[in-house]
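Visitor: Input structure: model_19.cif, which contains mmCIF, C-alpha atoms.
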data_input
#
loop_
_atom_site.label_atom_id
_atom_site.label_comp_id
_atom_site.auth_asym_id
_atom_site.auth_seq_id
_atom_site.Cartn_x
_atom_site.Cartn_y
_atom_site.Cartn_z
CA MET A 29 0.00 0.00 0.00
CA SER A 30 1.36 3.42 -0.97
CA PRO A 31 1.69 6.02 1.78
CA LEU A 32 -1.29 8.29 2.17
CA PRO A 33 -0.75 11.98 1.46
CA SER A 34 -1.04 14.65 4.12
CA LEU A 35 -3.59 17.41 3.52
CA PHE A 36 -4.00 21.08 4.33
CA ILE A 37 -7.57 22.36 4.16
CA SER A 38 -8.73 25.95 4.60
CA HIS A 39 -11.93 25.56 6.61
CA GLY A 40 -13.20 29.14 6.24
CA ALA A 41 -16.11 30.33 8.37
CA PRO A 42 -18.01 27.89 10.61
CA ASP A 43 -21.05 27.94 8.32
CA LEU A 44 -19.09 26.04 5.65
CA PRO A 45 -21.43 22.98 5.79
CA LEU A 46 -24.53 25.14 5.29
CA ARG A 47 -23.24 26.87 2.17
CA ALA A 48 -23.03 25.63 -1.40
CA GLY A 49 -20.23 26.16 -3.87
CA PRO A 50 -16.93 24.84 -5.26
CA THR A 51 -15.31 24.31 -1.84
CA GLN A 52 -18.19 22.18 -0.60
CA ASP A 53 -18.12 20.18 -3.85
CA PHE A 54 -14.37 19.69 -3.47
CA LEU A 55 -14.68 18.41 0.09
CA ARG A 56 -17.52 16.04 -0.78
CA SER A 57 -15.35 14.50 -3.52
CA LEU A 58 -12.22 14.19 -1.36
CA PHE A 59 -12.46 10.51 -0.49
CA HIS A 60 -13.59 9.60 -3.99
CA VAL A 61 -10.18 10.55 -5.40
CA MET A 62 -7.94 9.00 -2.72
CA PRO A 63 -7.98 5.83 -0.63
CA LYS A 64 -10.18 5.87 2.44
CA PRO A 65 -7.93 6.09 5.51
CA ARG A 66 -8.27 3.79 8.50
CA ALA A 67 -8.09 6.87 10.75
CA ILE A 68 -7.55 10.63 10.61
CA LEU A 69 -5.15 12.69 12.71
CA ALA A 70 -6.71 16.17 12.69
CA VAL A 71 -4.54 19.22 13.38
CA SER A 72 -6.82 22.22 13.94
CA ALA A 73 -6.04 25.92 14.25
CA HIS A 74 -8.67 26.03 17.00
CA TRP A 75 -6.89 23.83 19.56
CA LEU A 76 -3.95 25.74 20.99
CA THR A 77 -1.82 24.48 23.88
CA ALA A 78 1.63 25.10 25.36
CA GLN A 79 2.77 21.54 24.52
CA PRO A 80 1.68 19.11 21.80
CA THR A 81 -1.46 17.46 23.14
CA VAL A 82 -3.41 14.53 21.75
CA SER A 83 -7.07 13.75 22.39
CA THR A 84 -7.51 10.26 23.82
CA ALA A 85 -11.33 10.58 23.90
CA ALA A 86 -13.09 7.46 22.63
CA GLN A 87 -16.33 9.29 21.74
CA PRO A 88 -15.58 12.98 21.11
CA GLN A 89 -18.47 15.41 21.05
CA THR A 90 -19.16 18.26 18.60
CA ILE A 91 -17.95 21.65 19.89
CA TYR A 92 -19.70 24.84 18.78
CA ASP A 93 -16.78 27.20 19.38
CA PHE A 94 -18.33 30.18 17.59
CA GLY A 95 -21.28 32.50 17.79
CA GLY A 96 -23.62 34.52 15.62
CA PHE A 97 -24.57 31.91 13.03
CA SER A 98 -27.92 30.38 12.21
CA ARG A 99 -29.54 27.95 14.62
CA GLN A 100 -29.27 25.18 12.03
CA LEU A 101 -25.49 25.15 12.41
CA TYR A 102 -25.73 24.38 16.15
CA GLU A 103 -27.93 21.39 15.39
CA LEU A 104 -25.27 19.65 13.29
CA THR A 105 -23.27 16.90 14.99
CA TYR A 106 -20.31 14.86 13.81
CA PRO A 107 -20.54 11.23 14.99
CA ALA A 108 -17.03 9.95 14.29
CA PRO A 109 -15.38 8.01 17.11
CA GLY A 110 -11.95 8.78 18.49
CA SER A 111 -9.13 6.26 18.66
CA PRO A 112 -7.32 5.99 22.01
CA GLU A 113 -5.00 3.45 20.38
CA LEU A 114 -3.92 5.90 17.66
CA ALA A 115 -3.66 8.67 20.25
CA GLU A 116 -1.17 6.61 22.27
CA ARG A 117 0.80 5.87 19.09
CA VAL A 118 1.02 9.61 18.36
CA VAL A 119 2.14 10.39 21.91
CA ALA A 120 4.86 7.73 21.68
CA MET A 121 6.09 9.03 18.32
CA LEU A 122 6.28 12.59 19.58
CA ASP A 123 8.04 11.55 22.77
CA ASP A 124 10.59 9.55 20.76
CA ALA A 125 11.25 12.67 18.65
CA GLY A 126 11.97 14.80 21.73
CA PHE A 127 8.60 16.52 22.10
CA GLU A 128 6.91 16.60 25.48
CA ALA A 129 3.55 15.21 24.37
CA HIS A 130 0.47 15.39 26.60
CA ARG A 131 -2.87 13.58 26.64
CA ASN A 132 -6.34 15.06 26.98
CA GLY A 133 -9.20 12.65 27.62
CA ASP A 134 -11.95 15.25 27.19
CA ARG A 135 -11.02 17.11 24.01
CA SER A 136 -13.71 16.88 21.35
CA PHE A 137 -14.13 18.15 17.77
CA ASP A 138 -13.82 21.93 17.36
CA HIS A 139 -15.19 23.49 14.19
CA GLY A 140 -11.80 23.32 12.48
CA VAL A 141 -12.15 19.54 12.68
CA TRP A 142 -15.82 18.85 12.07
CA THR A 143 -16.96 21.47 9.57
CA PRO A 144 -14.76 20.13 6.73
CA LEU A 145 -15.11 16.48 7.75
CA ILE A 146 -18.89 16.57 7.90
CA LEU A 147 -18.70 17.28 4.16
CA ALA A 148 -15.80 14.97 3.29
CA ALA A 149 -16.88 11.97 5.40
CA PRO A 150 -20.46 12.67 6.53
CA GLU A 151 -21.12 9.13 7.75
CA GLY A 152 -18.52 9.62 10.50
CA SER A 153 -17.21 6.06 10.22
CA ILE A 154 -13.50 7.02 10.18
CA PRO A 155 -11.98 7.48 13.66
CA VAL A 156 -10.62 11.00 14.20
CA VAL A 157 -7.93 12.00 16.72
CA PRO A 158 -7.33 15.74 17.30
CA LEU A 159 -3.80 17.09 17.84
CA SER A 160 -3.11 20.59 19.17
CA LEU A 161 -0.88 23.41 17.92
CA GLN A 162 1.55 25.56 19.91
CA PRO A 163 0.91 29.21 18.96
CA HIS A 164 4.02 30.52 20.73
CA GLU A 165 6.29 28.09 18.88
CA SER A 166 7.84 28.62 15.45
CA THR A 167 6.90 27.37 12.02
CA LEU A 168 10.00 25.13 12.25
CA HIS A 169 8.66 23.57 15.47
CA HIS A 170 5.49 22.55 13.62
CA TYR A 171 7.42 21.35 10.59
CA GLN A 172 9.50 19.09 12.84
CA LEU A 173 6.32 17.93 14.56
CA GLY A 174 5.07 16.79 11.17
CA LYS A 175 8.39 15.06 10.42
CA ALA A 176 7.99 13.01 13.58
CA LEU A 177 4.49 11.94 12.51
CA ALA A 178 5.32 11.10 8.89
CA PRO A 179 5.44 7.29 9.46
CA LEU A 180 1.70 7.36 10.17
CA ARG A 181 1.15 7.81 6.43
CA ASP A 182 2.48 4.25 5.91
CA GLU A 183 0.01 2.99 8.52
CA GLY A 184 -3.15 4.14 6.77
CA VAL A 185 -3.52 7.31 8.82
CA LEU A 186 -4.43 10.50 6.99
CA ILE A 187 -2.94 13.63 8.55
CA VAL A 188 -5.35 16.49 7.93
CA ALA A 189 -4.38 20.04 8.86
CA SER A 190 -7.31 22.43 9.09
CA GLY A 191 -6.55 26.13 9.09
CA ALA A 192 -6.66 28.99 6.59
CA ALA A 193 -4.41 30.05 3.74
CA THR A 194 -5.46 33.63 4.56
CA HIS A 195 -7.09 34.69 7.80
CA ASN A 196 -7.79 38.26 8.83
CA LEU A 197 -11.10 38.54 10.68
CA GLY A 198 -10.90 42.32 10.47
CA TYR A 199 -11.62 42.05 6.75
CA PHE A 200 -14.44 39.52 7.10
CA ASP A 201 -17.12 40.52 4.57
CA GLY A 202 -20.72 39.60 5.33
CA ASP A 203 -21.18 38.76 1.65
CA TYR A 204 -20.21 35.11 1.17
CA ASN A 205 -19.51 35.69 -2.53
CA ALA A 206 -17.62 38.99 -2.21
CA ASP A 207 -14.60 39.48 -4.47
CA PRO A 208 -11.25 38.94 -2.72
CA PRO A 209 -8.96 41.95 -2.19
CA ASP A 210 -5.69 42.18 -4.11
CA TRP A 211 -3.56 41.70 -0.99
CA ALA A 212 -5.27 38.39 -0.16
CA MET A 213 -4.88 37.11 -3.71
CA ALA A 214 -1.21 38.11 -3.75
CA PHE A 215 -0.47 36.09 -0.62
CA ASP A 216 -2.56 33.16 -1.86
CA ASP A 217 -0.65 33.11 -5.15
CA TRP A 218 2.70 33.31 -3.37
CA LEU A 219 1.79 30.40 -1.10
CA ALA A 220 0.75 28.23 -4.04
CA GLU A 221 3.96 29.02 -5.92
CA ALA A 222 6.22 28.37 -2.92
CA ILE A 223 4.53 25.01 -2.27
CA ALA A 224 4.75 24.04 -5.96
CA LYS A 225 8.49 24.80 -5.88
CA ASN A 226 8.88 22.89 -2.59
CA ASP A 227 10.63 26.01 -1.26
CA ILE A 228 10.63 24.89 2.36
CA GLN A 229 12.86 27.66 3.66
CA SER A 230 10.75 30.45 2.15
CA LEU A 231 7.61 28.84 3.55
CA LEU A 232 9.12 28.54 7.02
CA ASP A 233 10.17 32.18 6.77
CA TYR A 234 6.86 33.30 5.25
CA ARG A 235 6.51 36.39 7.46
CA GLN A 236 9.60 37.86 5.83
CA GLN A 237 9.20 36.32 2.36
CA ALA A 238 5.50 36.50 1.47
CA PRO A 239 3.69 39.64 0.28
CA TYR A 240 1.26 41.12 2.80
CA ALA A 241 2.07 38.35 5.30
CA ALA A 242 1.06 40.31 8.39
CA GLN A 243 -2.12 41.58 6.75
CA ASN A 244 -3.20 38.06 5.81
CA HIS A 245 -2.09 36.51 9.10
CA PRO A 246 -2.08 39.01 11.98
CA THR A 247 -1.39 35.93 14.13
CA ASN A 248 0.18 32.64 13.09
CA GLU A 249 -2.26 30.03 14.33
CA HIS A 250 -4.35 29.56 11.18
CA LEU A 251 -1.30 28.90 8.99
CA LEU A 252 0.58 26.74 11.53
CA PRO A 253 -1.34 23.57 10.56
CA LEU A 254 0.20 23.84 7.10
CA PHE A 255 3.69 23.34 8.49
CA VAL A 256 2.73 20.10 10.22
CA VAL A 257 1.60 18.49 6.96
CA LEU A 258 4.48 20.11 5.08
CA GLY A 259 6.80 18.21 7.42
CA ALA A 260 4.78 15.00 7.30
CA GLY A 261 4.51 14.86 3.51
CA GLY A 262 6.63 15.24 0.44
CA PRO A 263 6.32 17.74 -2.42
CA GLY A 264 3.00 19.53 -2.45
CA GLN A 265 0.39 20.51 -5.00
CA GLN A 266 -2.66 22.73 -4.80
CA ILE A 267 -5.86 20.70 -5.11
CA HIS A 268 -8.41 23.46 -4.57
CA ARG A 269 -8.55 27.23 -4.63
CA GLY A 270 -11.17 29.92 -4.14
CA PHE A 271 -12.33 32.63 -1.74
CA THR A 272 -15.33 33.12 0.53
CA TYR A 273 -16.46 36.16 2.50
CA GLY A 274 -14.01 38.33 0.59
CA ALA A 275 -10.63 37.73 2.16
CA PHE A 276 -10.92 34.07 3.24
CA SER A 277 -8.88 31.84 0.94
CA MET A 278 -10.26 28.30 0.73
CA ALA A 279 -7.07 26.86 -0.76
CA ALA A 280 -6.21 23.21 -0.11
CA TYR A 281 -2.96 21.33 -0.65
CA ARG A 282 -1.88 17.73 -0.89
CA PHE A 283 1.60 16.57 0.12
CA ASP A 284 2.78 13.18 -1.21
#
Do you think you could lay out the structure here as C-alpha cells?

Guide:
Amino acid sequence: MSPLPSLFISHGAPDLPLRAGPTQDFLRSLFHVMPKPRAILAVSAHWLTAQPTVSTAAQPQTIYDFGGFSRQLYELTYPAPGSPELAERVVAMLDDAGFEAHRNGDRSFDHGVWTPLILAAPEGSIPVVPLSLQPHESTLHHYQLGKALAPLRDEGVLIVASGAATHNLGYFDGDYNADPPDWAMAFDDWLAEAIAKNDIQSLLDYRQQAPYAAQNHPTNEHLLPLFVVLGAGGPGQQIHRGFTYGAFSMAAYRFD
C-alpha cells in the first residue's frame, strides 16, 4: 500500500457545511479521489496548547466554538469516534522525537475539525484524533512535529491540517460571494507558488518572504497547521482554490 498523502484544508467560516459552492463540492469528492484512511489525525487551528497534546477521547463530542450563526449550524453533529490506540501511538512518536507530548481525555471536535469532515466523510465512520498546535512556537517547530508523525502515512492514517491560507477577521465581509482583495490574492498566489516549488525555507520564513504576510495573518495560528503536513509529507500541490467572505482563501494542498 502506498503512503497516504497529508492534507491542508482551509476551513473558512463555521457555516461552511450550510453553504453551497466549489469548496463544498471539493470536500464532498475528497475521499472519492484518494484511498479511504483507517483513521484521521486532525490538526486544527482552533486547539492551541503550550505543549503538543493529543485527544484520547473514545467518543468525542461536537464543539460549537463560535457565535452569531444560524440555529441550524448548532444542530449539526459529527458522529465519528476517536481512537485511544492511535492517540497513544502519536504520543509515543512525539516523545521519541523529543517533544513533550500530553494527553487530553476530554477534548472533542472543534469546528476546524468537524466542519470540513462533515462534508468529506459525513457518515462519520472514520476514527478521528485531534492534535493541538503551539501558537508561541515557530513554524519550524510545527514542521518538525510533522516530520515526527510522517510514518503514520504508511500505517493508513491521513494527517489532515485544518486552518486557513489567509485569515484576517478584520476584513471579514458579510457577503459570502464577495470578491477577494488584491492583498489576499497576492499572498494566496505566493503560497501556491512556494509550495509548488517545494521552497521549504521560504515557507518557514513566510513572514519575511511573502507579500502582505502580516495583513493576511495578523497571528500565526491559522497557517501553523500547514507546516505540520508540510513536514509530514513530500512535495505539495494545490488541489483546490477559491475565496469566501471576501478575504478568506479556501485553498487546499496535498503533500505526497

Visitor: Nearest to Pro80 in chain A: which of A:Tyr92, A:Phe54, A:Phe127, A:Phe283 is it, counting all atoms listed in the file?

Guide: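 Of A:Tyr92, A:Phe54, A:Phe127, A:Phe283, the one nearest Pro80 in chain A, counting all atoms listed in the file, is A:Phe127.
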
Visitor: Name the residues in contact with Gly126 in chain A at a cut-off of 12 Å, using only C-alpha atoms, excluding same-chain residues fewer than 3 positions from it; report them as a list of chain:residue names.

Guide: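 Skipping anything fewer than 3 positions along the chain leaves A:Gln79, A:Pro80, A:Val119, A:Ala120, A:Met121, A:Leu122, A:Asp123, A:Ala129, A:His169, A:Gln172, A:Leu173, A:Lys175, A:Ala176.
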
Visitor: Would you mind telling me which residue in A:Gln237, A:Ser136, A:Ser83, A:Thr143 lies nearest to Ala115 in chain A when using all atoms listed in the file?

Guide: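 When distances to Ala115 in chain A are compared using all atoms listed in the file, the smallest one comes from A:Ser83.
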
Visitor: With range 254-271 of chain A as the partner and 8 Å as the cut-off, tabulate the residues of range 186-208 of chain A that qualify, each row holding the nearest pair of atoms and their distance in Å to one decimal, using all atoms listed in the file, sorted by chain and rising number, as a Markdown table.

Guide:
| residue | atom | partner | partner_atom | distance |
| --- | --- | --- | --- | --- |
| A:Ile187 | CA | A:Val257 | CA | 6.8 |
| A:Val188 | CA | A:Val257 | CA | 7.3 |
| A:Ala189 | CA | A:Leu254 | CA | 6.2 |
| A:Ser190 | CA | A:Leu254 | CA | 7.9 |
| A:Gly191 | CA | A:Leu254 | CA | 7.4 |
| A:Asn205 | CA | A:Phe271 | CA | 7.8 |
| A:Asp207 | CA | A:Phe271 | CA | 7.7 |
| A:Pro208 | CA | A:Phe271 | CA | 6.5 |

Visitor: If we count all atoms listed in the file, what is near His60 in chain A at a cut-off of 12 Å, once residues fewer than 6 positions away on the same chain are taken out, given as a ChimeraX atom specification?

Guide: /A:53-54,148-149

Visitor: Which one of A:Ala86, A:Ile154, A:Thr167, A:Gly198 sits closest to Ser230 in chain A if you count only C-alpha atoms?

Guide: A:Thr167

Visitor: Taking the point (-18.4, 22.6, 20.3) as given in the file, collect each protein or nucleic acid residue that comes within 12 Å of it, counting all atoms listed in the file, and present the set as a PyMOL selection string.

Guide: chain A and resi 42+74-75+88-95+101-106+134-143

Visitor: Work out how far apart CA of Gln162 in chain A and CA of Asn132 in chain A are and give it in Å to one decimal.

Guide: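 CA of Asn132 in chain A lies 14.9 Å from CA of Gln162 in chain A.
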
Visitor: Could you pull the residues within 9 Å of range 244-250 of chain A, counting only C-alpha atoms, minus those fewer than 4 positions along the same chain, as a PyMOL selection string?

Guide: chain A and resi 38+72-74+76+161-164+166-167+190-196+211-212+215+235+239-240+254+275

Visitor: Report as a list in words the residues that result from applying the PyMOL selection byres ((chain A and resi 64) around 10) to the structure here.

Guide: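 For this structure, the PyMOL selection byres ((chain A and resi 64) around 10) captures Leu32, Leu58, Phe59, His60, Val61, Met62, Pro63, Pro65, Arg66, Ala67, Ile68, Ala149, Ile154, Gly184, Val185 and Leu186 of chain A.
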
Visitor: Could you write out that same residue set with C-alpha atoms as a PDB file, in the frame of the given file?

Guide:
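Result file follows (again_31.pdb):
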ATOM      1  CA  LEU A  32      -1.290   8.290   2.170  1.00  0.00           C
ATOM      2  CA  LEU A  58     -12.220  14.190  -1.360  1.00  0.00           C
ATOM      3  CA  PHE A  59     -12.460  10.510  -0.490  1.00  0.00           C
ATOM      4  CA  HIS A  60     -13.590   9.600  -3.990  1.00  0.00           C
ATOM      5  CA  VAL A  61     -10.180  10.550  -5.400  1.00  0.00           C
ATOM      6  CA  MET A  62      -7.940   9.000  -2.720  1.00  0.00           C
ATOM      7  CA  PRO A  63      -7.980   5.830  -0.630  1.00  0.00           C
ATOM      8  CA  PRO A  65      -7.930   6.090   5.510  1.00  0.00           C
ATOM      9  CA  ARG A  66      -8.270   3.790   8.500  1.00  0.00           C
ATOM     10  CA  ALA A  67      -8.090   6.870  10.750  1.00  0.00           C
ATOM     11  CA  ILE A  68      -7.550  10.630  10.610  1.00  0.00           C
ATOM     12  CA  ALA A 149     -16.880  11.970   5.400  1.00  0.00           C
ATOM     13  CA  ILE A 154     -13.500   7.020  10.180  1.00  0.00           C
ATOM     14  CA  GLY A 184      -3.150   4.140   6.770  1.00  0.00           C
ATOM     15  CA  VAL A 185      -3.520   7.310   8.820  1.00  0.00           C
ATOM     16  CA  LEU A 186      -4.430  10.500   6.990  1.00  0.00           C
TER      17      LEU A 186
END

Visitor: CA of Arg131 in chain A to CA of Ala85 in chain A: how many Å, to one decimal?

Guide: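 One can read the CA of Arg131 in chain A to CA of Ala85 in chain A distance as 9.4 Å.
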
Visitor: Between A:Asp201, A:Pro144, A:Glu116, A:Tyr171, which one has atoms that come closest to Phe276 in chain A, using only C-alpha atoms?

Guide: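 Among the listed residues, A:Asp201 lies closest to Phe276 in chain A.
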
Visitor: Please complete range 162-175 of chain A with N, CA and C atoms and give it back as an mmCIF file, in the coordinates of the input.

Guide:
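part.cif written:
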data_model
loop_
_atom_site.group_PDB
_atom_site.id
_atom_site.type_symbol
_atom_site.label_atom_id
_atom_site.label_comp_id
_atom_site.auth_asym_id
_atom_site.auth_seq_id
_atom_site.Cartn_x
_atom_site.Cartn_y
_atom_site.Cartn_z
ATOM 1 N N GLN A 162 0.899 24.748 18.888
ATOM 2 C CA GLN A 162 1.550 25.560 19.910
ATOM 3 C C GLN A 162 1.767 26.974 19.333
ATOM 4 N N PRO A 163 0.873 27.907 19.622
ATOM 5 C CA PRO A 163 0.910 29.210 18.960
ATOM 6 C C PRO A 163 2.139 30.042 19.270
ATOM 7 N N HIS A 164 2.831 29.750 20.377
ATOM 8 C CA HIS A 164 4.020 30.520 20.730
ATOM 9 C C HIS A 164 5.303 29.876 20.188
ATOM 10 N N GLU A 165 5.143 28.752 19.493
ATOM 11 C CA GLU A 165 6.290 28.090 18.880
ATOM 12 C C GLU A 165 6.405 28.500 17.410
ATOM 13 N N SER A 166 7.528 28.168 16.802
ATOM 14 C CA SER A 166 7.840 28.620 15.450
ATOM 15 C C SER A 166 7.216 27.724 14.381
ATOM 16 N N THR A 167 7.300 28.202 13.152
ATOM 17 C CA THR A 167 6.900 27.370 12.020
ATOM 18 C C THR A 167 7.795 26.123 11.950
ATOM 19 N N LEU A 168 9.077 26.276 12.275
ATOM 20 C CA LEU A 168 10.000 25.130 12.250
ATOM 21 C C LEU A 168 9.587 24.082 13.270
ATOM 22 N N HIS A 169 9.162 24.503 14.458
ATOM 23 C CA HIS A 169 8.660 23.570 15.470
ATOM 24 C C HIS A 169 7.557 22.694 14.883
ATOM 25 N N HIS A 170 6.616 23.303 14.167
ATOM 26 C CA HIS A 170 5.490 22.550 13.620
ATOM 27 C C HIS A 170 5.905 21.686 12.431
ATOM 28 N N TYR A 171 6.862 22.156 11.666
ATOM 29 C CA TYR A 171 7.420 21.350 10.590
ATOM 30 C C TYR A 171 8.076 20.086 11.147
ATOM 31 N N GLN A 172 8.849 20.238 12.213
ATOM 32 C CA GLN A 172 9.500 19.090 12.840
ATOM 33 C C GLN A 172 8.488 18.159 13.505
ATOM 34 N N LEU A 173 7.410 18.731 14.024
ATOM 35 C CA LEU A 173 6.320 17.930 14.560
ATOM 36 C C LEU A 173 5.774 17.006 13.465
ATOM 37 N N GLY A 174 5.549 17.584 12.284
ATOM 38 C CA GLY A 174 5.070 16.790 11.170
ATOM 39 C C GLY A 174 6.071 15.719 10.749
ATOM 40 N N LYS A 175 7.360 16.045 10.753
ATOM 41 C CA LYS A 175 8.390 15.060 10.420
ATOM 42 C C LYS A 175 8.298 13.844 11.330
#
